[in-house]
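Student: Can you read through this structure? Questions will come right after.
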Amino acid sequence: MEDETTDPRRWKKSGWIAHVIKNENDEGWAVSMTRVGDAEPVLVSPWTMGRDKVNPKRSITPASRRC
């Protein structure tokens, strides 16, 4: 069985690792998508903030399965 991780800012499932990153230069966030075993992310994209405007919004599970 494949190891799965579901920490608040890091998910690992189905051969992919998603990592939510805080931009220390401003109030923004980003998500990086990396295939397990790859050294560099395949995708880095802005991440939507949650209602509290402090923490990133949680991933929508069906949308994250498309990767």
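Residue numbering restarts at 1 in every chain; chains get A, B, ... in the order shown in the structure tokens, and ligands count up from 1 in that same order.
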Please provide as a ChimeraX atom specification all residues within 9 Å of region 35-41 of chain A, with the sequence filter that same-chain residues fewer than 6 positions apart are discarded (counting only C-alpha atoms).
Tutor: /A:12,14-18
Student: With N, CA, C and O atoms kept, could you save the residues just selected as a PDB file, in the first residue's frame?
Tutor:
ATOM      1  N   LYS A  12       0.152  13.749   0.318  1.00  0.00           N
ATOM      2  CA  LYS A  12       0.840  12.791  -0.549  1.00  0.00           C
ATOM      3  C   LYS A  12      -0.146  11.667  -0.850  1.00  0.00           C
ATOM      4  O   LYS A  12      -0.631  10.999   0.075  1.00  0.00           O
ATOM      5  N   SER A  14      -1.464   8.961  -4.415  1.00  0.00           N
ATOM      6  CA  SER A  14      -1.511   8.571  -5.833  1.00  0.00           C
ATOM      7  C   SER A  14      -0.287   9.020  -6.622  1.00  0.00           C
ATOM      8  O   SER A  14      -0.398   9.432  -7.774  1.00  0.00           O
ATOM      9  N   GLY A  15       0.890   8.984  -5.996  1.00  0.00           N
ATOM     10  CA  GLY A  15       2.117   9.327  -6.702  1.00  0.00           C
ATOM     11  C   GLY A  15       2.429  10.813  -6.769  1.00  0.00           C
ATOM     12  O   GLY A  15       3.361  11.219  -7.461  1.00  0.00           O
ATOM     13  N   TRP A  16       1.663  11.643  -6.058  1.00  0.00           N
ATOM     14  CA  TRP A  16       1.867  13.090  -6.076  1.00  0.00           C
ATOM     15  C   TRP A  16       2.038  13.630  -4.664  1.00  0.00           C
ATOM     16  O   TRP A  16       1.477  13.099  -3.714  1.00  0.00           O
ATOM     17  N   ILE A  17       2.780  14.727  -4.559  1.00  0.00           N
ATOM     18  CA  ILE A  17       2.928  15.446  -3.299  1.00  0.00           C
ATOM     19  C   ILE A  17       2.504  16.893  -3.550  1.00  0.00           C
ATOM     20  O   ILE A  17       3.019  17.543  -4.458  1.00  0.00           O
ATOM     21  N   ALA A  18       1.540  17.376  -2.773  1.00  0.00           N
ATOM     22  CA  ALA A  18       1.110  18.781  -2.836  1.00  0.00           C
ATOM     23  C   ALA A  18       1.612  19.453  -1.563  1.00  0.00           C
ATOM     24  O   ALA A  18       1.459  18.918  -0.464  1.00  0.00           O
TER      25      ALA A  18
END
Student: Tell me which protein, DNA and RNA residues are within 8 Å of region 27-34 of chain A, counting only C-alpha atoms, leaving out same-chain ones fewer than 6 positions away, and put them as a PyMOL selection string.
Tutor: chain A and resi 16-21+40-49+54+56
